[in-house]
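Content type compact mmCIF, C-alpha atoms, from the file structure.txt:
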# COMPACT_ATOMS: atom_id res chain seq x y z
CA MET A 1 36.65 90.05 45.89
CA THR A 2 33.30 89.03 47.51
CA ALA A 3 32.16 87.55 50.81
CA ALA A 4 31.67 84.11 49.30
CA THR A 5 32.22 80.91 51.24
CA LEU A 6 35.91 80.33 51.93
CA PRO A 7 37.36 77.45 49.92
CA THR A 8 38.39 74.30 51.68
CA THR A 9 42.14 74.05 52.23
CA SER A 10 44.51 71.51 53.71
CA VAL A 11 44.02 73.03 57.16
CA SER A 12 40.23 72.59 57.13
CA PRO A 13 39.14 69.26 58.79
CA THR A 14 36.46 67.36 56.96
CA VAL A 15 33.28 66.02 58.51
CA ARG A 16 34.74 62.52 58.46
CA GLN A 17 37.87 63.69 60.26
CA ARG A 18 35.80 65.47 62.90
CA TRP A 19 33.71 62.33 63.47
CA THR A 20 36.82 60.13 63.70
CA ARG A 21 38.30 62.41 66.37
CA ALA A 22 35.13 62.76 68.40
CA ARG A 23 33.63 59.27 68.27
CA GLY A 24 35.93 57.88 70.97
CA VAL A 25 34.95 60.62 73.42
CA LEU A 26 31.27 60.29 72.56
CA LEU A 27 31.40 56.51 73.03
CA ALA A 28 33.04 56.91 76.44
CA LEU A 29 30.38 59.44 77.50
CA VAL A 30 27.57 57.11 76.38
CA ILE A 31 29.09 54.20 78.33
CA LEU A 32 29.50 56.32 81.47
CA LEU A 33 25.93 57.61 81.19
CA ALA A 34 24.54 54.09 80.72
CA ALA A 35 26.55 52.80 83.69
CA ALA A 36 25.33 55.66 85.89
CA VAL A 37 21.69 55.03 84.95
CA ALA A 38 22.04 51.28 85.53
CA LEU A 39 23.70 51.81 88.91
CA ALA A 40 21.00 54.28 89.95
CA VAL A 41 18.26 51.83 88.96
CA LEU A 42 19.91 48.91 90.77
CA ARG A 43 20.49 50.87 93.97
CA SER A 44 17.37 52.98 93.98
CA GLY A 45 15.55 50.58 96.29
CA ASP A 46 18.38 49.47 98.54
CA ARG A 47 17.35 51.67 101.50
CA HIS A 48 13.80 52.57 100.58
CA GLY A 49 11.78 53.03 103.76
CA SER A 50 14.75 52.36 106.02
CA LEU A 51 13.61 51.86 109.67
CA ASP A 52 10.06 52.80 108.71
CA PRO A 53 7.50 50.67 110.63
CA ARG A 54 5.20 50.87 107.59
CA SER A 55 7.79 49.46 105.18
CA ALA A 56 8.08 45.75 104.30
CA ASP A 57 11.45 46.26 102.56
CA PRO A 58 14.47 44.38 103.94
CA TYR A 59 15.64 47.52 105.76
CA GLY A 60 12.14 48.49 106.91
CA SER A 61 10.68 47.71 110.33
CA ARG A 62 7.11 46.64 109.64
CA ALA A 63 7.67 43.20 111.22
CA VAL A 64 8.56 44.75 114.59
CA ALA A 65 5.49 47.00 114.50
CA GLU A 66 3.18 44.06 113.76
CA LEU A 67 4.67 41.94 116.53
CA LEU A 68 4.23 44.83 118.96
CA ALA A 69 0.62 45.27 117.83
CA ASP A 70 -0.05 41.59 118.59
CA ARG A 71 1.12 42.32 122.15
CA GLY A 72 -1.17 45.33 122.52
CA VAL A 73 1.46 48.03 121.89
CA SER A 74 0.28 50.78 119.54
CA THR A 75 2.82 52.32 117.15
CA ARG A 76 2.54 55.90 115.96
CA VAL A 77 4.88 57.41 113.37
CA VAL A 78 5.84 61.08 113.78
CA THR A 79 8.16 63.19 111.63
CA THR A 80 8.46 66.47 113.55
CA THR A 81 9.96 67.43 116.88
CA ALA A 82 6.71 69.09 117.96
CA GLU A 83 4.80 65.82 117.51
CA ALA A 84 7.47 63.83 119.37
CA ARG A 85 7.43 66.30 122.28
CA ALA A 86 3.66 66.25 122.51
CA ALA A 87 3.59 62.44 122.58
CA ALA A 88 6.16 62.06 125.39
CA GLY A 89 4.69 60.61 128.58
CA SER A 90 5.04 58.00 131.28
CA ASP A 91 3.13 55.41 129.21
CA THR A 92 5.13 56.05 126.04
CA THR A 93 8.36 54.78 124.52
CA LEU A 94 9.95 57.32 122.17
CA LEU A 95 12.20 55.79 119.50
CA VAL A 96 14.54 58.27 117.75
CA THR A 97 15.82 56.55 114.60
CA ALA A 98 18.41 59.15 113.55
CA PRO A 99 19.51 61.29 116.52
CA ASP A 100 22.53 62.76 114.74
CA LEU A 101 20.31 64.30 112.04
CA LEU A 102 18.57 66.51 114.57
CA THR A 103 19.64 70.11 114.94
CA ASP A 104 20.82 71.49 118.27
CA ARG A 105 17.45 73.12 118.81
CA GLN A 106 15.58 69.88 118.11
CA GLN A 107 17.82 67.96 120.51
CA ARG A 108 17.31 70.49 123.29
CA GLU A 109 13.53 70.50 122.85
CA LEU A 110 13.41 66.71 122.78
CA ARG A 111 15.58 66.41 125.88
CA ALA A 112 13.42 68.91 127.79
CA ALA A 113 10.26 66.96 126.92
CA THR A 114 11.58 63.51 127.84
CA ALA A 115 13.89 64.15 130.80
CA ASP A 116 11.09 64.15 133.41
CA SER A 117 8.32 62.45 131.43
CA GLY A 118 8.71 59.08 133.17
CA GLY A 119 8.77 57.28 129.82
CA ARG A 120 11.50 55.50 127.89
CA THR A 121 13.64 57.12 125.18
CA VAL A 122 15.47 54.80 122.75
CA LEU A 123 18.31 56.27 120.66
CA LEU A 124 19.52 54.30 117.62
CA ALA A 125 23.27 54.51 116.94
CA PRO A 126 23.76 58.07 118.24
CA GLY A 127 27.13 59.75 117.96
CA ASP A 128 28.74 62.51 119.98
CA PRO A 129 26.83 65.31 118.14
CA SER A 130 23.55 64.13 119.70
CA LEU A 131 24.75 62.34 122.85
CA ALA A 132 25.99 65.58 124.38
CA THR A 133 22.37 66.77 124.61
CA LEU A 134 20.16 63.68 124.59
CA ALA A 135 22.36 61.54 126.88
CA PRO A 136 24.89 63.82 128.62
CA ASP A 137 26.47 61.01 130.64
CA VAL A 138 27.38 59.01 127.50
CA THR A 139 30.16 59.44 124.92
CA ALA A 140 30.77 57.44 121.74
CA ASP A 141 34.01 55.56 121.23
CA PRO A 142 35.64 56.47 117.89
CA ALA A 143 36.44 52.81 117.09
CA PRO A 144 33.32 50.84 116.07
CA SER A 145 32.63 47.29 117.17
CA LEU A 146 34.34 44.60 115.11
CA ASP A 147 31.63 41.99 115.69
CA SER A 148 27.96 42.48 114.83
CA THR A 149 26.61 39.64 116.99
CA LEU A 150 27.44 39.96 120.69
CA SER A 151 26.45 38.29 123.94
CA PRO A 152 24.62 40.20 126.73
CA GLY A 153 27.34 40.34 129.39
CA CYS A 154 25.09 42.24 131.82
CA GLU A 155 22.25 41.76 134.33
CA LEU A 156 19.59 43.64 132.37
CA PRO A 157 16.59 41.24 132.24
CA ALA A 158 15.71 42.13 128.65
CA ALA A 159 19.26 41.37 127.47
CA ARG A 160 19.56 38.12 129.44
CA ARG A 161 16.23 36.83 128.06
CA ALA A 162 17.16 37.76 124.49
CA GLY A 163 20.66 36.31 124.53
CA ASN A 164 22.96 37.03 121.60
CA ALA A 165 21.84 39.91 119.38
CA ASP A 166 23.10 42.09 116.52
CA THR A 167 23.92 45.21 118.50
CA GLY A 168 27.50 45.55 117.27
CA GLY A 169 28.18 49.02 115.86
CA MET A 170 28.89 52.09 117.93
CA ARG A 171 30.53 51.51 121.32
CA TYR A 172 29.95 53.77 124.27
CA LYS A 173 31.38 54.99 127.56
CA THR A 174 29.27 56.33 130.41
CA THR A 175 29.85 57.97 133.77
CA ALA A 176 26.38 57.07 135.11
CA PRO A 177 27.00 54.79 138.14
CA ASP A 178 23.70 52.90 137.88
CA ALA A 179 23.73 52.35 134.12
CA ASP A 180 23.29 48.86 132.63
CA ARG A 181 26.21 48.14 130.30
CA CYS A 182 25.30 45.35 127.88
CA TYR A 183 26.63 43.56 124.82
CA PRO A 184 30.25 44.59 125.34
CA ASP A 185 32.91 44.43 122.65
CA ASP A 186 36.49 44.63 123.86
CA GLY A 187 35.26 45.94 127.20
CA LEU A 188 32.99 48.69 125.88
CA PRO A 189 29.20 48.22 125.75
CA THR A 190 27.12 48.61 122.60
CA LEU A 191 23.85 48.92 124.56
CA LEU A 192 23.25 51.14 127.58
CA ARG A 193 20.23 51.69 129.79
CA ILE A 194 20.49 54.82 131.91
CA PRO A 195 17.75 55.32 134.55
CA ALA A 196 16.33 58.81 134.99
CA ALA A 197 17.08 60.77 138.15
CA ASP A 198 13.55 60.25 139.48
CA GLY A 199 13.73 56.51 138.82
CA THR A 200 10.53 56.39 136.74
CA GLY A 201 11.92 56.65 133.20
CA ASP A 202 15.10 55.71 131.38
CA THR A 203 17.15 56.23 128.23
CA VAL A 204 18.34 53.30 126.11
CA VAL A 205 21.26 53.74 123.70
CA ILE A 206 21.76 51.04 121.04
CA GLY A 207 24.92 50.95 118.92
CA ALA A 208 23.26 49.60 115.76
CA PRO A 209 19.72 49.50 114.29
CA ASP A 210 20.09 45.93 112.95
CA ILE A 211 17.71 44.37 115.49
CA LEU A 212 14.83 46.38 113.96
CA TYR A 213 15.37 45.46 110.29
CA ASN A 214 12.86 43.08 108.71
CA ASP A 215 15.55 40.81 107.29
CA ARG A 216 17.49 40.59 110.59
CA LEU A 217 14.61 40.27 113.03
CA ASP A 218 14.52 36.45 112.99
CA GLU A 219 18.26 36.07 113.65
CA HIS A 220 19.65 35.29 117.13
CA GLY A 221 17.73 37.14 119.86
CA ASN A 222 17.02 40.26 117.81
CA ALA A 223 13.22 39.95 117.93
CA SER A 224 13.16 39.33 121.68
CA LEU A 225 15.44 42.26 122.44
CA ALA A 226 13.55 44.64 120.12
CA LEU A 227 10.15 43.71 121.57
CA GLN A 228 11.32 44.11 125.15
CA LEU A 229 13.05 47.45 124.58
CA LEU A 230 10.19 48.95 122.56
CA GLY A 231 7.26 47.23 124.28
CA SER A 232 7.80 48.20 127.89
CA ARG A 233 5.02 50.84 127.60
CA PRO A 234 1.61 50.53 125.92
CA HIS A 235 2.39 53.27 123.38
CA LEU A 236 5.37 53.52 121.00
CA VAL A 237 6.14 56.78 119.20
CA TRP A 238 8.39 56.09 116.19
CA TYR A 239 10.22 59.32 115.36
CA LEU A 240 11.54 59.52 111.77
CA PRO A 241 13.28 62.94 111.41
CA SER A 242 12.24 64.82 108.29
CA LEU A 243 13.49 67.89 106.44
CA ALA A 244 9.87 69.06 106.31
CA ASP A 245 10.11 69.81 110.04
CA ASP A 246 10.21 73.57 110.60
CA ALA A 247 12.64 73.11 113.48
CA ALA A 248 15.06 71.24 111.19
CA THR A 249 15.21 74.13 108.70
CA ASP A 250 15.75 76.90 111.23
CA ALA A 251 18.71 78.90 109.92
CA GLY A 252 19.64 79.93 113.45
CA ASP A 253 20.53 76.36 114.45
CA ARG A 254 23.27 75.38 112.04
CA SER A 255 25.04 77.13 109.24
CA PHE A 256 25.95 75.47 105.97
CA PHE A 257 29.49 74.78 107.20
CA ASP A 258 28.16 73.20 110.38
CA LEU A 259 26.47 70.55 108.25
CA ILE A 260 29.70 69.64 106.42
CA PRO A 261 31.83 66.97 108.16
CA SER A 262 35.14 68.31 109.40
CA GLY A 263 37.05 65.84 107.23
CA TRP A 264 35.58 67.37 104.08
CA LEU A 265 36.57 70.86 105.19
CA TRP A 266 40.17 69.82 105.80
CA GLY A 267 40.25 67.93 102.50
CA THR A 268 38.97 70.98 100.61
CA LEU A 269 41.58 73.19 102.27
CA GLN A 270 44.37 70.77 101.32
CA LEU A 271 43.15 70.57 97.73
CA THR A 272 43.04 74.37 97.53
CA LEU A 273 46.61 74.66 98.79
CA ALA A 274 47.75 71.96 96.38
CA ALA A 275 46.06 73.75 93.47
CA ALA A 276 47.73 77.05 94.45
CA VAL A 277 51.16 75.41 94.65
CA ALA A 278 50.62 73.70 91.28
CA ALA A 279 49.57 77.02 89.72
CA LEU A 280 52.72 78.73 91.04
CA TRP A 281 54.87 75.85 89.83
CA ARG A 282 53.36 75.75 86.35
CA GLY A 283 53.12 79.52 85.99
CA ARG A 284 56.66 80.52 86.96
CA ARG A 285 59.12 81.75 84.30
CA LEU A 286 62.60 80.27 84.22
CA GLY A 287 64.04 83.03 82.02
CA PRO A 288 63.46 84.87 78.73
CA LEU A 289 61.72 83.09 75.88
CA VAL A 290 64.06 81.26 73.48
CA LEU A 291 63.44 81.48 69.76
CA GLU A 292 63.72 78.17 67.94
CA ARG A 293 63.76 77.40 64.26
CA LEU A 294 60.69 75.61 63.00
CA PRO A 295 61.37 71.98 62.05
CA VAL A 296 59.53 72.44 58.74
CA ALA A 297 59.03 75.29 56.29
CA ILE A 298 55.52 76.74 56.29
CA ARG A 299 54.25 78.59 53.24
CA ALA A 300 53.42 82.23 53.81
CA SER A 301 49.99 81.74 52.26
CA GLU A 302 49.10 79.10 54.84
CA THR A 303 50.25 81.34 57.68
CA ALA A 304 48.23 84.26 56.34
CA GLU A 305 45.18 82.07 55.83
CA GLY A 306 45.43 80.62 59.33
CA ARG A 307 45.68 84.07 60.90
CA ALA A 308 42.78 85.29 58.79
CA ARG A 309 40.64 82.37 59.98
CA LEU A 310 41.46 83.22 63.59
CA TYR A 311 40.49 86.86 63.03
CA ARG A 312 37.24 85.79 61.38
CA LYS A 313 36.39 83.32 64.16
CA ALA A 314 36.90 86.06 66.77
CA ASN A 315 35.12 88.74 64.67
CA ALA A 316 38.26 90.85 65.06
CA HIS A 317 37.41 93.35 62.31
CA GLU A 318 39.32 96.19 63.98
CA ARG A 319 42.50 94.15 64.46
CA ALA A 320 42.41 92.80 60.91
CA ALA A 321 41.82 96.28 59.43
CA THR A 322 44.67 97.72 61.50
CA ALA A 323 47.03 95.00 60.24
CA LEU A 324 46.00 95.58 56.59
CA ARG A 325 46.43 99.38 56.79
CA ALA A 326 49.76 99.15 58.63
CA ALA A 327 51.16 96.73 56.04
CA THR A 328 49.97 98.95 53.17
CA ARG A 329 51.53 102.08 54.71
CA THR A 330 54.80 100.23 55.28
CA ARG A 331 54.97 99.21 51.59
CA LEU A 332 53.90 102.64 50.27
CA ALA A 333 56.45 104.67 52.25
CA PRO A 334 59.56 103.60 50.21
CA LEU A 335 57.66 104.11 46.97
CA LEU A 336 56.80 107.70 47.96
CA GLY A 337 60.22 108.59 49.37
CA VAL A 338 58.95 108.77 52.94
CA PRO A 339 61.35 107.52 55.66
CA PRO A 340 60.18 104.21 57.21
CA ALA A 341 60.03 105.86 60.64
CA GLN A 342 57.34 108.26 59.33
CA ALA A 343 55.35 105.69 57.36
CA HIS A 344 52.55 105.72 59.92
CA ALA A 345 52.43 109.50 60.39
CA PRO A 346 49.53 111.03 58.43
CA GLU A 347 51.23 114.45 58.14
CA ALA A 348 54.19 112.88 56.32
CA LEU A 349 52.61 110.07 54.29
CA LEU A 350 49.41 111.69 52.96
CA PRO A 351 50.99 114.81 51.30
CA ALA A 352 53.52 112.61 49.52
CA LEU A 353 50.79 110.21 48.39
CA SER A 354 48.61 113.04 47.03
CA ALA A 355 51.54 114.52 45.17
CA GLN A 356 52.44 111.14 43.65
CA LEU A 357 48.89 110.49 42.43
CA HIS A 358 48.14 114.14 41.52
CA ASP A 359 44.79 113.63 43.27
CA SER A 360 43.57 115.69 46.16
CA GLY A 361 39.89 114.81 45.90
CA ARG A 362 39.97 111.31 47.38
CA ASP A 363 39.71 110.76 51.12
CA LEU A 364 43.04 108.99 51.54
CA HIS A 365 43.10 109.71 55.24
CA THR A 366 39.95 107.64 55.85
CA LEU A 367 41.31 104.84 53.68
CA LEU A 368 44.69 104.57 55.42
CA PHE A 369 43.90 105.86 58.93
CA GLY A 370 40.11 105.67 59.21
CA PRO A 371 37.78 103.83 61.60
CA PRO A 372 37.51 100.02 61.60
CA PRO A 373 34.94 98.34 59.32
CA ARG A 374 31.63 97.22 60.80
CA ASP A 375 31.37 93.73 59.25
CA ASP A 376 33.06 91.22 56.96
CA ALA A 377 31.75 92.87 53.79
CA ALA A 378 33.21 96.26 54.78
CA LEU A 379 36.52 94.58 55.66
CA ILE A 380 36.71 92.93 52.23
CA THR A 381 35.92 96.26 50.55
CA LEU A 382 38.72 97.92 52.53
CA ALA A 383 41.19 95.22 51.49
CA ASP A 384 40.23 95.68 47.81
CA GLN A 385 40.65 99.48 48.05
CA LEU A 386 44.07 99.14 49.70
CA ASP A 387 45.23 96.73 46.98
CA ALA A 388 43.99 99.08 44.28
CA LEU A 389 45.76 102.07 45.90
CA GLU A 390 49.08 100.18 46.12
CA ARG A 391 48.85 99.10 42.46
CA GLU A 392 48.10 102.67 41.39
CA VAL A 393 51.15 104.01 43.27
CA ARG A 394 53.42 101.35 41.74
CA THR A 395 52.27 102.14 38.18
CA SER A 396 52.27 105.92 38.51

For the file at hand, write its structure as structure tokens.
Amino acid sequence: MTAATLPTTSVSPTVRQRWTRARGVLLALVILLAAAVALAVLRSGDRHGSLDPRSADPYGSRAVAELLADRGVSTRVVTTTAEARAAAGSDTTLLVTAPDLLTDRQQRELRAATADSGGRTVLLAPGDPSLATLAPDVTADPAPSLDSTLSPGCELPAARRAGNADTGGMRYKTTAPDADRCYPDDGLPTLLRIPAADGTGDTVVIGAPDILYNDRLDEHGNASLALQLLGSRPHLVWYLPSLADDAATDAGDRSFFDLIPSGWLWGTLQLTLAAAVAALWRGRRLGPLVLERLPVAIRASETAEGRARLYRKANAHERAATALRAATRTRLAPLLGVPPAQAHAPEALLPALSAQLHDSGRDLHTLLFGPPPRDDAALITLADQLDALEREVRTS
């Protein structure tokens, strides 16, 4: 018996069978991959340069910057909190495009620089995470505006001159007594102007950035409102928060879990509990195992071959050798007159075997009780030697 290639049997799938089984899965994976690539390509430019005064994309804001330049207002783009703080002044309007993306430290530094600067600070669609620091007298209403285009509904000159505008988005509440509440939706304003305590500067909160988009600027009074809110001072600082900002990557500001929305945390907890309950449900035992008769008769050769293939796939040389030696000892014991209970005891089996064969020179102990073989070739040699030993005992 040699270590030649195992012959193909009825339990060995052919290449054609493997391809037939796998082609459906492979086709589905190819379709999903193609759909993902196509979707990524189609949507890759949807928000490119969003609210960037240098971008001419539909969601960019280059048109506003050029109109402001025609009116003598200079626009400067900054991406760090340090630059925004340094630029704050009485002749400057600071536009913060994404207040909620700022860390607590960035918000505090920005508030300290603008509170008494005498300039104007414009916040685009801020939520409660940033309002608590940048505009303490303002809170966001959880229900957004249902209409995007709203009428002024206030005495603010800029709003009355602009007329209807696309400010619908976040709605706000404020406790500031002298605040201008404009563009209300269901009684709550979507634009607020809050004068500073010294009366020289102010903070403007807008519920939506739509009035600054290139493709929405020519609708309703969007252009007029944007130019009046951003052009009240000769200099405009356009703050686009960036991850490259050292203040934004300060580990002392927010932990990883602080950056995850609370809804995701609760959802993850619920999924974990559901998985634990499902594991308990599927893993419980309802009683002892019940033996059932097989519906068909399986040939012993197929069972042995299947088990041998499993041993070979797992490289279980020790387990296979142990099974071969135990089976040989069990069959030799009756032939040698050894009780079955002592078939696996070397002190009982080996003396009887030596006496039967009249041979004390061979190392029968190593053959029947020795260490496991190192590889497939040694395992095959062991099987041949065990077969030869059993035949010799039967014929002696």

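Look at segment 347-362 of chain A: the protein and nucleic acid residues within 7 Å of it, using all atoms listed in the file and passing over chain neighbours fewer than 6 places away, are A:Ala333, A:Leu336, A:Val338, A:Val393, A:Ser396.
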
What's around Gln228 of chain A at 8 Å? Count all atoms listed in the file, leave out sequence neighbours fewer than 4 positions away in its own chain, and write the answer as a PyMOL selection string.
chain A and resi 158+224+232

Env of segment 180-187 of chain A: 10 Å cut, atoms = only C-alpha atoms, seq-sep filter 5 positions within chain, self excluded. Answer as a PyMOL selection string.
chain A and resi 144-156+159-160+163-174+192-195+204-207

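Taking atom CA of Leu240 of chain A as the reference point, atom CA of Asp104 of chain A is found at 16.5 Å.
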
Quick one: distance from atom CA of Thr200 of chain A to atom CA of Gly119 of chain A in Å, one decimal?
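Interatomic distance, atom CA of Thr200 of chain A to atom CA of Gly119 of chain A: 7.2 Å.
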
What is the atom CA of Thr133 of chain A to atom CA of Arg108 of chain A distance in Å?
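Atom CA of Thr133 of chain A sits 6.4 Å away from atom CA of Arg108 of chain A.
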
Looking at A:Thr328, A:Thr93, A:Gln270, A:Thr175, which one is nearest to Thr203 of chain A, with distances taken over all atoms listed in the file?
A:Thr93

Distance table requested - segment 331-386 of chain A against segment 292-312 of chain A, cut-off 12 Å, only C-alpha atoms: one row per qualifying residue with the closest atom pair and its distance in Å to one decimal, ordered by chain and rising residue number, as a Markdown table.
| residue | atom | partner | partner_atom | distance |
| --- | --- | --- | --- | --- |
| A:Asp375 | CA | A:Arg312 | CA | 10.1 |
| A:Asp376 | CA | A:Arg312 | CA | 8.2 |
| A:Ala377 | CA | A:Arg312 | CA | 11.7 |
| A:Leu379 | CA | A:Arg312 | CA | 10.5 |
| A:Ile380 | CA | A:Arg312 | CA | 11.6 |

Exercise: segment 48-61 of chain A partners within 12 Å, all atoms listed in the file, chain neighbours under 5 positions left out, as number ranges by chain
A: 43, 66-69, 74-79, 95-98, 124, 208-217, 223, 226-227, 236-241

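Minimum atom-to-atom distances from A:Ala112, A:Pro340, A:Val122, A:His235 to Ala87 of chain A were compared using all atoms listed in the file, and the lowest value belongs to A:His235.
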
Need to verify the contact set: Leu386 of chain A, 10 Å, only C-alpha atoms, exclusion of same-chain residues closer than 4 positions in sequence. Can you return it as a list in words?
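These residues fall inside the cut-off: Leu324, Arg325, Ala327, Thr328, Arg329, Leu367, Leu368, Ile380, Thr381, Leu382, Glu390, Arg391 and Glu392 of chain A.
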
Shortest interatomic distance to Leu332 of chain A - which of A:Arg394, A:His365, A:His317, A:Arg374, counting only C-alpha atoms
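Looking only at the distances to Leu332 of chain A, the closest residue turns out to be A:Arg394.
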
Centre and size of axis-aligned box enclosing segment 25-29 of chain A plus 4 Å each side, as lines of an AutoDock Vina configuration file:
center_x = 32.7
center_y = 58.6
center_z = 75.0
size_x = 12.6
size_y = 12.1
size_z = 12.9
